[in-house]
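Printed here is upload_39.tsv (TSV, N, CA and C atoms and all ligand atoms):
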```
chain	number	residue	atom	x	y	z
A	360	MET	N	128.63	137.93	232.70
A	360	MET	CA	129.06	136.72	233.40
A	360	MET	C	130.56	136.48	233.17
A	361	GLN	N	131.28	136.34	234.26
A	361	GLN	CA	132.70	136.02	234.17
A	361	GLN	C	132.91	134.63	234.73
A	362	GLU	N	133.90	133.95	234.21
A	362	GLU	CA	134.13	132.59	234.67
A	362	GLU	C	135.61	132.28	234.78
A	363	LEU	N	135.97	131.59	235.85
A	363	LEU	CA	137.33	131.11	236.03
A	363	LEU	C	137.26	129.63	236.36
A	364	SER	N	138.14	128.83	235.77
A	364	SER	CA	138.15	127.44	236.21
A	364	SER	C	139.57	127.02	236.56
A	365	PHE	N	139.64	126.14	237.50
A	365	PHE	CA	140.92	125.66	238.03
A	365	PHE	C	140.94	124.15	238.04
A	366	ARG	N	142.08	123.58	237.68
A	366	ARG	CA	142.26	122.14	237.85
A	366	ARG	C	142.79	121.96	239.27
A	367	VAL	N	142.16	121.08	240.02
A	367	VAL	CA	142.64	120.83	241.37
A	367	VAL	C	143.06	119.38	241.53
A	368	GLN	N	143.97	119.16	242.43
A	368	GLN	CA	144.51	117.84	242.67
A	368	GLN	C	143.45	116.90	243.22
A	369	ALA	N	143.39	115.69	242.67
A	369	ALA	CA	142.45	114.69	243.15
A	369	ALA	C	143.20	113.68	244.02
A	370	SER	N	142.45	112.99	244.88
A	370	SER	CA	143.12	112.09	245.82
A	370	SER	C	143.06	110.63	245.38
A	371	ASN	N	142.20	110.31	244.40
A	371	ASN	CA	142.11	108.90	243.97
A	371	ASN	C	142.60	108.72	242.55
A	372	ASP	N	141.99	107.81	241.81
A	372	ASP	CA	142.42	107.50	240.45
A	372	ASP	C	142.16	108.61	239.44
A	373	THR	N	141.20	109.47	239.77
A	373	THR	CA	140.90	110.59	238.87
A	373	THR	C	142.11	111.51	238.81
A	374	PRO	N	142.57	111.86	237.61
A	374	PRO	CA	143.76	112.71	237.52
A	374	PRO	C	143.57	114.08	238.16
A	375	HIS	N	142.40	114.67	237.97
A	375	HIS	CA	142.15	115.98	238.58
A	375	HIS	C	140.67	116.27	238.59
A	376	TYR	N	140.28	117.23	239.38
A	376	TYR	CA	138.90	117.73	239.38
A	376	TYR	C	138.95	119.14	238.81
A	377	THR	N	137.80	119.62	238.41
A	377	THR	CA	137.74	120.98	237.90
A	377	THR	C	136.79	121.82	238.75
A	378	VAL	N	137.31	122.92	239.26
A	378	VAL	CA	136.49	123.87	240.00
A	378	VAL	C	136.19	125.04	239.08
A	379	THR	N	134.92	125.35	238.95
A	379	THR	CA	134.51	126.47	238.10
A	379	THR	C	133.81	127.52	238.96
A	380	ILE	N	134.29	128.74	238.88
A	380	ILE	CA	133.69	129.84	239.62
A	380	ILE	C	133.08	130.79	238.60
A	381	GLN	N	131.78	131.09	238.77
A	381	GLN	CA	131.12	132.02	237.87
A	381	GLN	C	130.61	133.22	238.66
A	382	LYS	N	130.73	134.37	238.04
A	382	LYS	CA	130.31	135.60	238.70
A	382	LYS	C	129.41	136.39	237.78
A	383	ASP	N	128.24	136.81	238.28
A	383	ASP	CA	127.49	137.83	237.57
A	383	ASP	C	127.42	139.04	238.49
A	384	GLU	N	126.49	139.93	238.24
A	384	GLU	CA	126.51	141.21	238.96
A	384	GLU	C	126.52	141.06	240.48
A	385	HIS	N	125.67	140.16	240.99
A	385	HIS	CA	125.55	140.05	242.45
A	385	HIS	C	125.81	138.66	242.99
A	386	HIS	N	125.95	137.69	242.11
A	386	HIS	CA	126.05	136.32	242.59
A	386	HIS	C	127.32	135.63	242.15
A	387	LEU	N	127.72	134.72	243.01
A	387	LEU	CA	128.90	133.93	242.72
A	387	LEU	C	128.49	132.47	242.85
A	388	THR	N	128.81	131.68	241.85
A	388	THR	CA	128.53	130.26	241.99
A	388	THR	C	129.82	129.49	241.81
A	389	ALA	N	129.92	128.39	242.51
A	389	ALA	CA	131.13	127.58	242.45
A	389	ALA	C	130.74	126.12	242.26
A	390	HIS	N	131.33	125.50	241.27
A	390	HIS	CA	131.06	124.09	241.02
A	390	HIS	C	132.36	123.32	241.03
A	391	CYS	N	132.27	122.07	241.44
A	391	CYS	CA	133.46	121.22	241.44
A	391	CYS	C	133.06	119.86	240.92
A	392	SER	N	133.95	119.23	240.19
A	392	SER	CA	133.62	117.93	239.60
A	392	SER	C	133.92	116.77	240.55
A	393	CYS	N	134.35	117.06	241.77
A	393	CYS	CA	134.63	115.96	242.71
A	393	CYS	C	133.34	115.37	243.25
A	394	GLU	N	133.45	114.26	243.97
A	394	GLU	CA	132.24	113.56	244.45
A	394	GLU	C	131.45	114.37	245.49
A	395	ASN	N	132.09	115.35	246.11
A	395	ASN	CA	131.39	116.21	247.06
A	395	ASN	C	131.00	117.55	246.42
A	396	GLY	N	131.10	117.59	245.10
A	396	GLY	CA	130.94	118.86	244.41
A	396	GLY	C	129.52	119.25	244.05
A	397	GLY	N	128.53	118.60	244.64
A	397	GLY	CA	127.13	118.93	244.35
A	397	GLY	C	126.81	120.37	244.71
A	398	ALA	N	125.65	120.80	244.29
A	398	ALA	CA	125.29	122.22	244.46
A	398	ALA	C	125.16	122.62	245.92
A	399	ASN	N	124.78	121.66	246.78
A	399	ASN	CA	124.49	122.03	248.16
A	399	ASN	C	125.66	121.88	249.12
A	400	ALA	N	126.56	120.98	248.80
A	400	ALA	CA	127.71	120.79	249.69
A	400	ALA	C	128.89	121.59	249.18
A	401	LEU	N	129.62	122.18	250.08
A	401	LEU	CA	130.83	122.90	249.68
A	401	LEU	C	132.03	122.02	249.97
A	402	CYS	N	132.69	121.55	248.91
A	402	CYS	CA	133.85	120.69	249.11
A	402	CYS	C	135.07	121.55	249.45
A	403	LYS	N	136.13	120.89	249.90
A	403	LYS	CA	137.34	121.59	250.31
A	403	LYS	C	138.00	122.35	249.15
A	404	HIS	N	137.83	121.82	247.94
A	404	HIS	CA	138.43	122.48	246.77
A	404	HIS	C	137.85	123.88	246.58
A	405	ARG	N	136.49	123.95	246.62
A	405	ARG	CA	135.85	125.25	246.43
A	405	ARG	C	136.07	126.17	247.62
A	406	LEU	N	135.97	125.57	248.82
A	406	LEU	CA	136.16	126.40	250.01
A	406	LEU	C	137.52	127.08	250.01
A	407	SER	N	138.56	126.31	249.65
A	407	SER	CA	139.89	126.90	249.69
A	407	SER	C	140.06	127.96	248.61
A	408	ILE	N	139.50	127.71	247.42
A	408	ILE	CA	139.61	128.70	246.34
A	408	ILE	C	138.80	129.96	246.69
A	409	LEU	N	137.60	129.77	247.26
A	409	LEU	CA	136.78	130.93	247.66
A	409	LEU	C	137.44	131.73	248.77
A	410	ALA	N	138.31	131.06	249.53
A	410	ALA	CA	139.04	131.75	250.60
A	410	ALA	C	140.34	132.35	250.07
A	411	GLY	N	140.58	132.19	248.77
A	411	GLY	CA	141.77	132.78	248.15
A	411	GLY	C	143.03	131.95	248.30
A	412	LYS	N	142.84	130.66	248.62
A	412	LYS	CA	144.01	129.79	248.80
A	412	LYS	C	144.16	128.85	247.61
A	413	ALA	N	145.37	128.73	247.14
A	413	ALA	CA	145.65	127.93	245.95
A	413	ALA	C	146.15	126.53	246.29
A	414	LYS	N	145.92	126.11	247.52
A	414	LYS	CA	146.43	124.84	248.02
A	414	LYS	C	146.25	123.64	247.09
A	415	TRP	N	145.05	123.48	246.49
A	415	TRP	CA	144.76	122.30	245.67
A	415	TRP	C	144.97	122.54	244.19
A	416	VAL	N	145.21	123.79	243.81
A	416	VAL	CA	145.25	124.13	242.38
A	416	VAL	C	146.51	123.59	241.71
A	417	ILE	N	146.32	122.85	240.61
A	417	ILE	CA	147.47	122.34	239.86
A	417	ILE	C	147.53	122.93	238.46
A	418	SER	N	146.51	123.69	238.08
A	418	SER	CA	146.57	124.35	236.77
A	418	SER	C	147.49	125.57	236.89
A	419	ASP	N	147.90	126.12	235.75
A	419	ASP	CA	148.92	127.17	235.80
A	419	ASP	C	148.34	128.57	236.01
A	420	ASN	N	147.05	128.64	236.40
A	420	ASN	CA	146.44	129.96	236.64
A	420	ASN	C	146.27	130.24	238.14
A	421	VAL	N	147.24	129.80	238.92
A	421	VAL	CA	147.22	129.98	240.37
A	421	VAL	C	146.95	131.45	240.75
A	422	ALA	N	147.50	132.37	239.94
A	422	ALA	CA	147.34	133.80	240.22
A	422	ALA	C	145.87	134.22	240.19
A	423	ASP	N	145.05	133.49	239.41
A	423	ASP	CA	143.63	133.83	239.29
A	423	ASP	C	142.85	133.59	240.58
A	424	VAL	N	143.42	132.79	241.49
A	424	VAL	CA	142.75	132.54	242.78
A	424	VAL	C	142.54	133.87	243.51
A	425	LYS	N	143.50	134.77	243.37
A	425	LYS	CA	143.37	136.09	244.00
A	425	LYS	C	142.22	136.90	243.37
A	426	ARG	N	141.97	136.65	242.09
A	426	ARG	CA	140.84	137.33	241.42
A	426	ARG	C	139.53	136.84	242.01
A	427	VAL	N	139.47	135.52	242.30
A	427	VAL	CA	138.27	134.96	242.90
A	427	VAL	C	137.99	135.67	244.23
A	428	LEU	N	139.05	135.87	244.99
A	428	LEU	CA	138.92	136.54	246.29
A	428	LEU	C	138.32	137.94	246.12
A	429	SER	N	138.74	138.65	245.08
A	429	SER	CA	138.19	139.99	244.85
A	429	SER	C	136.74	139.90	244.38
A	430	TRP	N	136.41	138.82	243.67
A	430	TRP	CA	135.02	138.61	243.27
A	430	TRP	C	134.16	138.40	244.50
A	431	VAL	N	134.65	137.55	245.40
A	431	VAL	CA	133.89	137.22	246.61
A	431	VAL	C	133.54	138.49	247.37
A	432	ALA	N	134.46	139.43	247.39
A	432	ALA	CA	134.26	140.67	248.14
A	432	ALA	C	133.08	141.49	247.62
A	433	TRP	N	132.74	141.35	246.33
A	433	TRP	CA	131.69	142.18	245.74
A	433	TRP	C	130.37	141.47	245.52
A	434	THR	N	130.23	140.28	246.02
A	434	THR	CA	128.99	139.54	245.80
A	434	THR	C	128.21	139.42	247.10
A	435	ASP	N	127.05	138.76	247.01
A	435	ASP	CA	126.24	138.54	248.21
A	435	ASP	C	127.00	137.70	249.23
A	436	LEU	N	127.85	136.82	248.75
A	436	LEU	CA	128.66	136.00	249.66
A	436	LEU	C	129.61	136.89	250.45
A	437	GLY	N	130.27	137.80	249.72
A	437	GLY	CA	131.18	138.72	250.39
A	437	GLY	C	130.44	139.59	251.38
A	438	GLU	N	129.22	139.99	251.00
A	438	GLU	CA	128.39	140.82	251.87
A	438	GLU	C	128.03	140.04	253.13
A	439	ALA	N	127.73	138.76	252.95
A	439	ALA	CA	127.38	137.90	254.08
A	439	ALA	C	128.58	137.75	255.02
A	440	ILE	N	129.75	137.58	254.43
A	440	ILE	CA	130.97	137.44	255.23
A	440	ILE	C	131.22	138.74	255.99
A	441	LEU	N	131.02	139.86	255.28
A	441	LEU	CA	131.22	141.18	255.87
A	441	LEU	C	130.24	141.40	257.03
A	442	LYS	N	128.98	141.01	256.81
A	442	LYS	CA	127.95	141.15	257.84
A	442	LYS	C	128.29	140.30	259.06
A	443	ALA	N	128.74	139.09	258.80
A	443	ALA	CA	129.08	138.18	259.89
A	443	ALA	C	130.23	138.75	260.71
A	444	THR	N	131.22	139.31	260.01
A	444	THR	CA	132.37	139.91	260.69
A	444	THR	C	131.92	141.10	261.53
A	445	HIS	N	131.02	141.90	260.95
A	445	HIS	CA	130.50	143.08	261.63
A	445	HIS	C	129.71	142.66	262.88
A	446	ALA	N	128.86	141.64	262.72
A	446	ALA	CA	128.05	141.15	263.83
A	446	ALA	C	128.94	140.62	264.96
A	447	GLN	N	130.01	139.96	264.57
A	447	GLN	CA	130.95	139.42	265.55
A	447	GLN	C	131.59	140.56	266.35
A	448	LYS	N	131.91	141.64	265.66
A	448	LYS	CA	132.51	142.80	266.30
A	448	LYS	C	131.53	143.43	267.28
A	449	ARG	N	130.26	143.56	266.83
A	449	ARG	CA	129.21	144.13	267.68
A	449	ARG	C	129.01	143.27	268.92
A	450	LEU	N	129.04	141.96	268.72
A	450	LEU	CA	128.87	141.03	269.84
A	450	LEU	C	129.98	141.23	270.86
A	451	LYS	N	131.19	141.37	270.39
A	451	LYS	CA	132.33	141.59	271.28
A	451	LYS	C	132.16	142.88	272.07
A	452	GLU	N	131.71	143.92	271.36
A	452	GLU	CA	131.48	145.22	272.02
A	452	GLU	C	130.40	145.08	273.08
A	453	ALA	N	129.33	144.34	272.74
A	453	ALA	CA	128.23	144.14	273.68
A	453	ALA	C	128.70	143.35	274.90
A	454	GLU	N	129.56	142.38	274.66
A	454	GLU	CA	130.10	141.58	275.76
A	454	GLU	C	130.92	142.46	276.70
A	455	LYS	N	131.69	143.37	276.11
A	455	LYS	CA	132.51	144.30	276.90
A	455	LYS	C	131.60	145.20	277.73
A	456	GLU	N	130.54	145.70	277.11
A	456	GLU	CA	129.59	146.56	277.80
A	456	GLU	C	128.91	145.82	278.94
A	457	LEU	N	128.57	144.57	278.66
A	457	LEU	CA	127.92	143.74	279.68
A	457	LEU	C	128.87	143.56	280.87
A	458	GLU	N	130.13	143.32	280.57
A	458	GLU	CA	131.14	143.14	281.60
A	458	GLU	C	131.24	144.40	282.48
A	459	LYS	N	131.23	145.55	281.80
A	459	LYS	CA	131.32	146.83	282.49
A	459	LYS	C	130.09	147.06	283.36
A	460	ALA	N	128.92	146.77	282.79
A	460	ALA	CA	127.66	146.96	283.51
A	460	ALA	C	127.60	146.02	284.72
A	461	THR	N	128.09	144.80	284.55
A	461	THR	CA	128.10	143.83	285.64
A	461	THR	C	129.00	144.33	286.77
A	462	ALA	N	130.14	144.90	286.40
A	462	ALA	CA	131.07	145.43	287.40
A	462	ALA	C	130.44	146.61	288.15
A	463	GLN	N	129.75	147.46	287.39
A	463	GLN	CA	129.08	148.63	288.00
A	463	GLN	C	127.97	148.16	288.95
A	464	CYS	N	127.25	147.13	288.54
A	464	CYS	CA	126.17	146.58	289.32
A	464	CYS	C	126.73	146.03	290.64
A	465	LYS	N	127.85	145.34	290.54
A	465	LYS	CA	128.48	144.76	291.71
A	465	LYS	C	128.93	145.87	292.67
A	466	ALA	N	129.50	146.92	292.11
A	466	ALA	CA	129.97	148.05	292.92
A	466	ALA	C	128.79	148.71	293.63
A	467	ALA	N	127.66	148.86	292.92
A	467	ALA	CA	126.47	149.47	293.49
A	467	ALA	C	125.92	148.60	294.61
A	468	GLU	N	125.96	147.28	294.40
A	468	GLU	CA	125.50	146.34	295.43
A	468	GLU	C	126.35	146.46	296.69
A	469	GLU	N	127.65	146.55	296.48
A	469	GLU	CA	128.58	146.68	297.61
A	469	GLU	C	128.33	147.98	298.38
A	470	GLU	N	128.08	149.04	297.59
A	470	GLU	CA	127.79	150.34	298.18
A	470	GLU	C	126.52	150.27	299.02
A	471	ALA	N	125.50	149.65	298.49
A	471	ALA	CA	124.22	149.51	299.18
A	471	ALA	C	124.40	148.70	300.46
A	472	SER	N	125.20	147.64	300.32
A	472	SER	CA	125.44	146.78	301.47
A	472	SER	C	126.18	147.53	302.57
A	473	ALA	N	127.17	148.33	302.17
A	473	ALA	CA	127.94	149.13	303.13
A	473	ALA	C	127.05	150.17	303.80
A	474	ALA	N	126.15	150.78	303.01
A	474	ALA	CA	125.22	151.78	303.53
A	474	ALA	C	124.27	151.14	304.54
A	475	ARG	N	123.83	149.92	304.22
A	475	ARG	CA	122.93	149.19	305.11
A	475	ARG	C	123.65	148.88	306.44
A	476	ASP	N	124.90	148.41	306.31
A	476	ASP	CA	125.69	148.11	307.49
A	476	ASP	C	125.87	149.35	308.36
A	477	ALA	N	126.15	150.49	307.71
A	477	ALA	CA	126.35	151.75	308.42
A	477	ALA	C	125.08	152.17	309.14
A	478	LEU	N	123.94	151.95	308.46
A	478	LEU	CA	122.65	152.31	309.03
A	478	LEU	C	122.35	151.45	310.28
A	479	ILE	N	122.60	150.15	310.13
A	479	ILE	CA	122.37	149.23	311.26
A	479	ILE	C	123.27	149.62	312.42
A	480	HIS	N	124.53	149.95	312.10
A	480	HIS	CA	125.50	150.35	313.10
A	480	HIS	C	125.03	151.61	313.83
A	481	ALA	N	124.53	152.58	313.05
A	481	ALA	CA	124.07	153.85	313.60
A	481	ALA	C	122.85	153.63	314.51
A	482	MET	N	121.97	152.69	314.08
A	482	MET	CA	120.76	152.41	314.87
A	482	MET	C	121.11	151.74	316.20
A	483	ASN	N	122.19	150.94	316.18
A	483	ASN	CA	122.59	150.23	317.38
A	483	ASN	C	123.36	151.10	318.38
A	484	ASP	N	123.83	152.22	317.89
A	484	ASP	CA	124.64	153.08	318.78
A	484	ASP	C	123.80	153.76	319.85
B	1	ZN	ZN	135.68	119.42	245.04
```
Spit out the file's structure as structure tokens when you get a sec.
Ligand SMILES: [Zn+2]
Amino acid sequence: MQELSFRVQASNDTPHYTVTIQKDEHHLTAHCSCENGGANALCKHRLSILAGKAKWVISDNVADVKRVLSWVAWTDLGEAILKATHAQKRLKEAEKELEKATAQCKAAEEEASAARDALIHAMND
């Protein structure tokens, strides 16, 4: 188990909040002492640190935020992000294919329509 904690800037009378990131082999957990820091809600402090941004960090270990980012890459969270990115790419490819297929379908329809017109024309001659 590895652990990093950061002091982050608070917006009210509290001098600071503490964000703690813990990593074991496959899991990453993030806790924050702010009022939105419960286990189920992701507050802005944790979100920004998990995204590798030191925006709220006031402790002198700002450089460690980059370590968190490398942790994220090797956990289930990183895998989920990777999967989502991959799925997004596949979706884009599928959309492109659909666009191409739609264009081909339209061309085939036009061809059929032209052939029908030619046939009608030939029958009327
Ligand atoms: Zn927080």
List as a PyMOL selection string the protein and nucleic acid residues lying within 10 Å of ligand ZN 1 (chain B), with only C-alpha atoms and all ligand atoms counted.
chain A and resi 367-369+375-379+389-397+400-407+415
Write the residues of the selection above to a file with N, CA and C atoms, as a short mmCIF file (atom, residue, chain, number, x, y, z; two decimals), keeping the file's coordinate frame.
```cif
data_model
loop_
_atom_site.label_atom_id
_atom_site.label_comp_id
_atom_site.auth_asym_id
_atom_site.auth_seq_id
_atom_site.Cartn_x
_atom_site.Cartn_y
_atom_site.Cartn_z
N VAL A 367 142.16 121.08 240.02
CA VAL A 367 142.64 120.83 241.37
C VAL A 367 143.06 119.38 241.53
N GLN A 368 143.97 119.16 242.43
CA GLN A 368 144.51 117.84 242.67
C GLN A 368 143.45 116.90 243.22
N ALA A 369 143.39 115.69 242.67
CA ALA A 369 142.45 114.69 243.15
C ALA A 369 143.20 113.68 244.02
N HIS A 375 142.40 114.67 237.97
CA HIS A 375 142.15 115.98 238.58
C HIS A 375 140.67 116.27 238.59
N TYR A 376 140.28 117.23 239.38
CA TYR A 376 138.90 117.73 239.38
C TYR A 376 138.95 119.14 238.81
N THR A 377 137.80 119.62 238.41
CA THR A 377 137.74 120.98 237.90
C THR A 377 136.79 121.82 238.75
N VAL A 378 137.31 122.92 239.26
CA VAL A 378 136.49 123.87 240.00
C VAL A 378 136.19 125.04 239.08
N THR A 379 134.92 125.35 238.95
CA THR A 379 134.51 126.47 238.10
C THR A 379 133.81 127.52 238.96
N ALA A 389 129.92 128.39 242.51
CA ALA A 389 131.13 127.58 242.45
C ALA A 389 130.74 126.12 242.26
N HIS A 390 131.33 125.50 241.27
CA HIS A 390 131.06 124.09 241.02
C HIS A 390 132.36 123.32 241.03
N CYS A 391 132.27 122.07 241.44
CA CYS A 391 133.46 121.22 241.44
C CYS A 391 133.06 119.86 240.92
N SER A 392 133.95 119.23 240.19
CA SER A 392 133.62 117.93 239.60
C SER A 392 133.92 116.77 240.55
N CYS A 393 134.35 117.06 241.77
CA CYS A 393 134.63 115.96 242.71
C CYS A 393 133.34 115.37 243.25
N GLU A 394 133.45 114.26 243.97
CA GLU A 394 132.24 113.56 244.45
C GLU A 394 131.45 114.37 245.49
N ASN A 395 132.09 115.35 246.11
CA ASN A 395 131.39 116.21 247.06
C ASN A 395 131.00 117.55 246.42
N GLY A 396 131.10 117.59 245.10
CA GLY A 396 130.94 118.86 244.41
C GLY A 396 129.52 119.25 244.05
N GLY A 397 128.53 118.60 244.64
CA GLY A 397 127.13 118.93 244.35
C GLY A 397 126.81 120.37 244.71
N ALA A 400 126.56 120.98 248.80
CA ALA A 400 127.71 120.79 249.69
C ALA A 400 128.89 121.59 249.18
N LEU A 401 129.62 122.18 250.08
CA LEU A 401 130.83 122.90 249.68
C LEU A 401 132.03 122.02 249.97
N CYS A 402 132.69 121.55 248.91
CA CYS A 402 133.85 120.69 249.11
C CYS A 402 135.07 121.55 249.45
N LYS A 403 136.13 120.89 249.90
CA LYS A 403 137.34 121.59 250.31
C LYS A 403 138.00 122.35 249.15
N HIS A 404 137.83 121.82 247.94
CA HIS A 404 138.43 122.48 246.77
C HIS A 404 137.85 123.88 246.58
N ARG A 405 136.49 123.95 246.62
CA ARG A 405 135.85 125.25 246.43
C ARG A 405 136.07 126.17 247.62
N LEU A 406 135.97 125.57 248.82
CA LEU A 406 136.16 126.40 250.01
C LEU A 406 137.52 127.08 250.01
N SER A 407 138.56 126.31 249.65
CA SER A 407 139.89 126.90 249.69
C SER A 407 140.06 127.96 248.61
N TRP A 415 145.05 123.48 246.49
CA TRP A 415 144.76 122.30 245.67
C TRP A 415 144.97 122.54 244.19
#
```
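A straight line drawn from atom C of Ile408 of chain A to atom CA of Lys442 of chain A is 19.2 Å long.
Between atom N of Arg426 of chain A and atom N of Ser370 of chain A lies a distance of 23.8 Å.
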Enumerate the residues of chain A with a DSSP assignment of alpha helix (DSSP H), computed from the backbone, and present them as a PyMOL selection string.
chain A and resi 403-409+423-432+435-483
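Here atom CA of Gln381 of chain A and atom CA of Ser429 of chain A stand 12.7 Å from one another.
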Counting all atoms listed in the file, note down every residue that has an atom within 6.5 Å of the point (123.6, 139.5, 243.9) (file coordinates), as a VMD selection string.
chain A and resid 384 to 387 434 to 435
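Using all atoms listed in the file, the nearest neighbour of Gln361 of chain A within the list A:Lys382, A:Asp419, A:Cys464, A:Thr373 is A:Lys382.
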Starting from the sparse input, extend segment 406-414 of chain A to all heavy atoms and give the output as a PDB file, in the frame of the given file.
```pdb
ATOM      1  N   LEU A 406     135.970 125.570 248.820  1.00  0.00           N
ATOM      2  CA  LEU A 406     136.160 126.400 250.010  1.00  0.00           C
ATOM      3  C   LEU A 406     137.520 127.080 250.010  1.00  0.00           C
ATOM      4  O   LEU A 406     137.636 128.258 250.317  1.00  0.00           O
ATOM      5  CB  LEU A 406     136.018 125.546 251.285  1.00  0.00           C
ATOM      6  CG  LEU A 406     134.587 125.358 251.783  1.00  0.00           C
ATOM      7  CD1 LEU A 406     134.570 124.436 252.988  1.00  0.00           C
ATOM      8  CD2 LEU A 406     133.961 126.696 252.133  1.00  0.00           C
ATOM      9  N   SER A 407     138.560 126.310 249.650  1.00  0.00           N
ATOM     10  CA  SER A 407     139.890 126.900 249.690  1.00  0.00           C
ATOM     11  C   SER A 407     140.060 127.960 248.610  1.00  0.00           C
ATOM     12  O   SER A 407     140.636 129.020 248.859  1.00  0.00           O
ATOM     13  CB  SER A 407     140.983 125.822 249.611  1.00  0.00           C
ATOM     14  OG  SER A 407     141.116 125.345 248.302  1.00  0.00           O
ATOM     15  N   ILE A 408     139.500 127.710 247.420  1.00  0.00           N
ATOM     16  CA  ILE A 408     139.610 128.700 246.340  1.00  0.00           C
ATOM     17  C   ILE A 408     138.800 129.960 246.690  1.00  0.00           C
ATOM     18  O   ILE A 408     139.273 131.080 246.508  1.00  0.00           O
ATOM     19  CB  ILE A 408     139.182 128.098 244.987  1.00  0.00           C
ATOM     20  CG1 ILE A 408     140.264 127.123 244.501  1.00  0.00           C
ATOM     21  CG2 ILE A 408     138.966 129.195 243.939  1.00  0.00           C
ATOM     22  CD1 ILE A 408     139.914 126.346 243.260  1.00  0.00           C
ATOM     23  N   LEU A 409     137.600 129.770 247.260  1.00  0.00           N
ATOM     24  CA  LEU A 409     136.780 130.930 247.660  1.00  0.00           C
ATOM     25  C   LEU A 409     137.440 131.730 248.770  1.00  0.00           C
ATOM     26  O   LEU A 409     137.201 132.922 248.936  1.00  0.00           O
ATOM     27  CB  LEU A 409     135.385 130.475 248.097  1.00  0.00           C
ATOM     28  CG  LEU A 409     134.460 130.001 246.968  1.00  0.00           C
ATOM     29  CD1 LEU A 409     133.193 129.395 247.543  1.00  0.00           C
ATOM     30  CD2 LEU A 409     134.124 131.137 246.016  1.00  0.00           C
ATOM     31  N   ALA A 410     138.310 131.060 249.530  1.00  0.00           N
ATOM     32  CA  ALA A 410     139.040 131.750 250.600  1.00  0.00           C
ATOM     33  C   ALA A 410     140.340 132.350 250.070  1.00  0.00           C
ATOM     34  O   ALA A 410     141.131 132.913 250.812  1.00  0.00           O
ATOM     35  CB  ALA A 410     139.319 130.793 251.752  1.00  0.00           C
ATOM     36  N   GLY A 411     140.580 132.190 248.770  1.00  0.00           N
ATOM     37  CA  GLY A 411     141.770 132.780 248.150  1.00  0.00           C
ATOM     38  C   GLY A 411     143.030 131.950 248.300  1.00  0.00           C
ATOM     39  O   GLY A 411     144.134 132.427 248.114  1.00  0.00           O
ATOM     40  N   LYS A 412     142.840 130.660 248.620  1.00  0.00           N
ATOM     41  CA  LYS A 412     144.010 129.790 248.800  1.00  0.00           C
ATOM     42  C   LYS A 412     144.160 128.850 247.610  1.00  0.00           C
ATOM     43  O   LYS A 412     143.203 128.242 247.165  1.00  0.00           O
ATOM     44  CB  LYS A 412     143.870 128.978 250.092  1.00  0.00           C
ATOM     45  CG  LYS A 412     143.977 129.863 251.317  1.00  0.00           C
ATOM     46  CD  LYS A 412     143.679 129.077 252.573  1.00  0.00           C
ATOM     47  CE  LYS A 412     143.592 130.020 253.755  1.00  0.00           C
ATOM     48  NZ  LYS A 412     142.632 129.556 254.751  1.00  0.00           N
ATOM     49  N   ALA A 413     145.370 128.730 247.140  1.00  0.00           N
ATOM     50  CA  ALA A 413     145.650 127.930 245.950  1.00  0.00           C
ATOM     51  C   ALA A 413     146.150 126.530 246.290  1.00  0.00           C
ATOM     52  O   ALA A 413     146.688 125.831 245.431  1.00  0.00           O
ATOM     53  CB  ALA A 413     146.671 128.656 245.072  1.00  0.00           C
ATOM     54  N   LYS A 414     145.920 126.110 247.520  1.00  0.00           N
ATOM     55  CA  LYS A 414     146.430 124.840 248.020  1.00  0.00           C
ATOM     56  C   LYS A 414     146.250 123.640 247.090  1.00  0.00           C
ATOM     57  O   LYS A 414     147.165 122.865 246.885  1.00  0.00           O
ATOM     58  CB  LYS A 414     145.751 124.543 249.363  1.00  0.00           C
ATOM     59  CG  LYS A 414     146.312 123.343 250.087  1.00  0.00           C
ATOM     60  CD  LYS A 414     145.577 123.096 251.393  1.00  0.00           C
ATOM     61  CE  LYS A 414     146.079 121.804 252.049  1.00  0.00           C
ATOM     62  NZ  LYS A 414     145.285 121.435 253.215  1.00  0.00           N
TER      63      LYS A 414
END
```
